[in-house]
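Structure, as structure tokens:
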Amino acid sequence: MMKKYFTIGLMLILISLITFNVLAEDKIVIKHMEPGDDAKLGYVHEFADAYMAKNPNVEIEIIEVGWGNIYQKMMSMAQAGTMPDVVYVGSRWIPVLAEMDAIQPLDNFMTEDKVNDYSDSLLNTANYKENQYGLPRAYSTKTLFYRTDLIDSPPETWEELVEVAKEVQANNEGMYGMGISGAKHVSTTSQFFNYLFQAGGKVFNEAGEPVLNSEEGVKALQFYVDLYREHKVTPNPVEYNREELPTLFSTGKIAMFVCGPWGKSIIGRQPENEETPYQTALLPKGEHRKSILVSDSYVMAKDAGQEAWDYLNYITNYNNQTYYDYEYGSVPVMKEAADSRRFQQDEFFKTFLDTIETGEPQPLPIVWETFEDILTDSIQAALMGDMTPQAALDQAVERIKSENIAPVK
Amino acid sequence: MRKRYLPYLFIMPAVIFMLLIVAYPILLTFRSSLFHEVLIRPWEGVEFVGMDNFVTLIKNQEFWSSLQRTAIWTVSSVLGKTLIGLSIAILLNQKFKFRGIYRTLILIPWVTPQVVSAIIWRWVYNGEYGMLNYVLMRLGLINTGISWLGHKTTAFIAAVINDMWIGIPFMIVVFLSGLQGIPNELYEAAKVDGANRIQTLFKITLPQLKPVFLTATILSIIWTFNSFNIIWVLTKGGPVNATETLVIKTYKEAFGKFDIGMGSTYAVTTFILLMIFSLFYWRMFSEKDEI
């Protein structure tokens with residue numbers, strides 16, 4: 001008798017396990033790859049958990065990866081045909097992913113309301129060949145971070161920038177007036193582009209040809225180089241990427257640097273940071289008041305379907321996006337949020353918002369990594385005095401042409 | 001009959017493993033080097049180009065500069081590792097208190113993951129708050145900080161030192177085991193014959209160490225030639241291309257440009273160069289040994 005009950009019990013357990021397994025397998029699994037630090041990934045998990053709670057038939061699998069590895073990992077997955085459904089990318093990678101046919105345009109998924117949530121200039125940063133491949137997630141304009149205890153009023157022009165930097169350097173032993181980056185890193189290109197755009201230069205012309213070596217381009221690189229070689233107001237830029245400048249700033253090694261809003265998460269704000277009080281200002285003017293606009297976007301794998309879009313649509317809805325922008329420290333991505341009192345009344349964010357109208361989008365060569373390598377080589381050669389700015393930029397243009405990576409129009 | 005095949009059966013799993021994990025990818029790389037294949041330009045297709053990639057490589061001045069840089073990098077680093085490693089091994093072979101502790105501590109750089117080690121050295125070399133500048137300034141050797149990774153020559157030397165730091169413990173361990181294998185009678189006989197320490201070193205210790213020396217240096221040459229992590233973390237091949245060795249160049253071709261054809265050509269060239277060098281090196285020492 002006991003044996004019979006035991007057998008029936010065992011069978012029931014087996015049946016329930018199989019049923020459970022089948023049910024579990026019925027779940028829709030959405031793979032989401034996200035780079036970033038713990039704080040950023042914390043928000044991603046928060047949104048994914050909330051989505052799963054609302055949609056019990058969906059399982060979100062978050063693939064965490066460092067910023068240093070994501071490009072290689074993503075490209076390997078793209079080649080192997082295992083691209084996750086949703087991936088957070090630097091918008092600069094969209095052309096190559098689109099050319100590899102690894103991602104799909106989102107135009108058919110995006111409703112008019114969704115499109116209207118974003119400004120055209122921002123959507124353009126994730127648009128390739130007239131297709132909207134990316135949904136902007138993070139947006140960064142650049143401002144000048146300066147020490148309020150050492151600098152009364154921030155510099156307004158390039159000339160003033162040098163003057164103020166020299167003055168603060170003279171009055172504070174062991175401190176440089178300014179910090180710029182020149183390491184082999186994406187930030188060296190974006191830091192230089194601020195000056196390039198301010199001088200009236202362009203990376204590519206309307207026809208998509210590289211025109212970095214224009215008179216304006218040379219003037220910009222000359223100024224960038226002079227900050228280090230002529231005026232000596234910055235530590236050796238070749239050693240630093242922009243991500244290291246906030247640390248130099250918070251340890252009192254530099255008095256000014258150019259950075260996006262996330263700089264505050266490294267430096268800290270009062271009261272946690274009493275040693276280096278600071279404020280942000282619009283970037284000093286060259287011929288024009290300009291700064292670079294850089295965005296990161298979500299893209300969807302070529303084969304991802306409606307379920308992946310529904311999830312993406314949820315994590316980028318107004319409430320989630322605005323919450324993320326404010327808490328993590330990103331310029332508000334959505335138009336309505338940018339106009340909201342929450343951001344407009346925040347002294348720190350306001351400067352970044354004011355910068356939007358002077359913004360120039362990041363150029364989109366077909367293969368960013370090669371472009372970055374070519375340009376950082378030339379910038380470093382000029383910074384080290386191996387080449388004149390003209391020769392360095394001539395070389396960059398030649399290499400961009402020979403590598404055939406100018407944007408396809 | 002059964003006994004005859006048994007050893008082969010035992011090594012079969014290892015052979016299959018090696019064929020799958022080592023031989024197959026190598027063959028695939030050789031094959032790719034004969035094709036034009038750029039993954040990010042799928043519309044260009046995959047085309048058999050024969051030796052074209054190798055011709056392009058040989059005509060490319062960057063390849064020759066990179067090869068020259070790699071040679072200097074390998075020779076200087078291996079030379080440093082060998083000399084310092086041998087000196088420390090001889091010291092650690094003496095009898096003194098806590099010798100075991102020293103022998104264990106010396107392994108730390110070897111067991112530290114290379115990326116971690118390179119990140120630590122990046123901080124050591126930092127021009128503004130690096131430890132190296134701090135020490136040199138405290139000693140009064142310099143007045144202002146030097147940007148070690150910010151100049152071509154210093155960045156190259158800095159990377160070599162980092163590589164040496166990691167590789168020295170391996171040399172010490174290998175040389176130490178070699179030293180312990182030298183029969184004591186030889187030293188005793190030398191002593192009786194009135195040989196001094198220098199003579200003992202050159203007439204007994206070094207000749208006896210030759211097989212160990214050969215293996216250790218050849219392994220070190222191959223590892224150093226292919227050393228990637230340290231340079232990538234410290235300088236990414238910069239400033240400009242001051243630390244861009246062949247392996248960095250290969251990586252940039254294959255995983256920056258995703259030009260699998262050229263990337264494979266670089267890899268195959270490195271493979272052939274190392275193979276020729278290793279055979280030549282082995283032969284040279286073996287022949288001398290026979291004489």
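Chains: A, B, ... in order of the structure tokens. Residues: from 1 per chain. Ligands: from 1, in order shown.
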Chain A residues near chain B (7 Å cut-off, only C-alpha atoms) as JSON, numbers by chain | {"A": [72, 96, 99, 100, 184, 236, 238, 239, 369, 370, 377, 380, 381]}
Would you save the residues from that selection as a short mmCIF file (atom, residue, chain, number, x, y, z; two decimals), in the first residue's frame, using C-alpha atoms?
```cif
data_model
loop_
_atom_site.label_atom_id
_atom_site.label_comp_id
_atom_site.auth_asym_id
_atom_site.auth_seq_id
_atom_site.Cartn_x
_atom_site.Cartn_y
_atom_site.Cartn_z
CA GLN A 72 34.41 43.44 -29.30
CA VAL A 96 28.87 49.64 -38.78
CA GLU A 99 26.15 47.90 -42.61
CA MET A 100 26.68 44.44 -41.13
CA LYS A 184 44.11 56.84 -27.33
CA ASN A 236 50.56 66.04 -20.54
CA VAL A 238 48.66 62.13 -23.98
CA GLU A 239 48.47 60.47 -20.59
CA GLU A 369 37.17 52.48 -34.10
CA THR A 370 39.46 52.92 -37.10
CA ASP A 377 47.35 59.17 -33.76
CA GLN A 380 49.05 62.77 -30.37
CA ALA A 381 51.65 63.45 -33.08
#
```
Segment 149-384 of chain A: which residues are helix (DSSP H, G or I) by DSSP, as a VMD selection string?
-> chain A and resid 158 to 171 186 to 198 215 to 229 237 to 239 242 to 250 263 to 267 306 to 315 318 to 328 335 to 339 341 to 344 347 to 356 368 to 383
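Computed from the coordinates, the atom CA of Lys81 of chain B to atom CA of Asn162 of chain B distance equals 10.8 Å.
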So which bits of segment 77-272 of chain A end up strand (DSSP E or B) when you DSSP the backbone, as a VMD selection string?
-> chain A and resid 86 to 90 103 118 127 to 128 131 to 132 135 to 140 143 to 147 157 176 179 204 210 254 256 to 259
Can you pull out every residue within 10 Å of segment 142-150 of chain A, counting only C-alpha atoms, but drop anything in the same chain fewer than 5 positions away, and send it as JSON, numbers by chain?
-> {"A": [155, 164, 167, 168, 169, 171, 172, 177, 178, 190, 191, 194, 246, 249, 250, 252, 254, 255, 256, 257, 258, 259, 260, 261, 263, 264, 275, 276, 277, 278, 279, 280, 281, 282, 283, 284, 290, 291, 292, 293, 294, 331, 351, 352, 353, 354, 355, 356, 359]}
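You will find atom CA of Ile267 of chain A at 19.7 Å from atom CA of Phe343 of chain A.
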Could you name the residues that touch Gly261 of chain B at 12 Å or less, counting only C-alpha atoms, but leaving out those on the same chain fewer than 5 positions away, as a PyMOL selection string?
-> chain B and resi 28-39+45-54+56-57+250+253-255+266-268
I need the chosen residues saved as a short mmCIF file (atom, residue, chain, number, x, y, z; two decimals), in the first residue's frame, with C-alpha atoms.
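Output file part.cif follows:
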```cif
data_model
loop_
_atom_site.label_atom_id
_atom_site.label_comp_id
_atom_site.auth_asym_id
_atom_site.auth_seq_id
_atom_site.Cartn_x
_atom_site.Cartn_y
_atom_site.Cartn_z
CA LEU B 28 41.75 28.44 -40.19
CA THR B 29 43.96 31.50 -39.68
CA PHE B 30 46.30 30.32 -42.46
CA ARG B 31 43.30 29.92 -44.71
CA SER B 32 41.86 33.35 -43.83
CA SER B 33 45.19 34.98 -44.67
CA LEU B 34 44.65 33.98 -48.30
CA PHE B 35 41.26 35.67 -48.51
CA HIS B 36 39.93 39.20 -48.64
CA GLU B 37 37.35 39.28 -45.90
CA VAL B 38 36.27 42.39 -44.05
CA LEU B 39 33.43 41.54 -41.73
CA GLY B 45 32.22 39.51 -50.13
CA VAL B 46 34.83 36.89 -49.37
CA GLU B 47 37.33 36.51 -52.18
CA PHE B 48 40.37 34.29 -52.61
CA VAL B 49 43.36 36.59 -53.17
CA GLY B 50 46.27 34.15 -52.86
CA MET B 51 49.38 35.85 -51.52
CA ASP B 52 48.08 39.40 -52.11
CA ASN B 53 47.66 40.08 -48.40
CA PHE B 54 51.28 39.11 -47.78
CA THR B 56 50.44 44.25 -49.15
CA LEU B 57 51.97 43.53 -45.76
CA THR B 250 47.26 42.33 -35.49
CA GLU B 253 43.47 44.87 -37.95
CA ALA B 254 41.34 41.95 -36.81
CA PHE B 255 39.20 43.51 -34.08
CA TYR B 266 49.70 39.53 -39.53
CA ALA B 267 49.05 36.55 -37.25
CA VAL B 268 50.48 34.04 -39.74
#
```
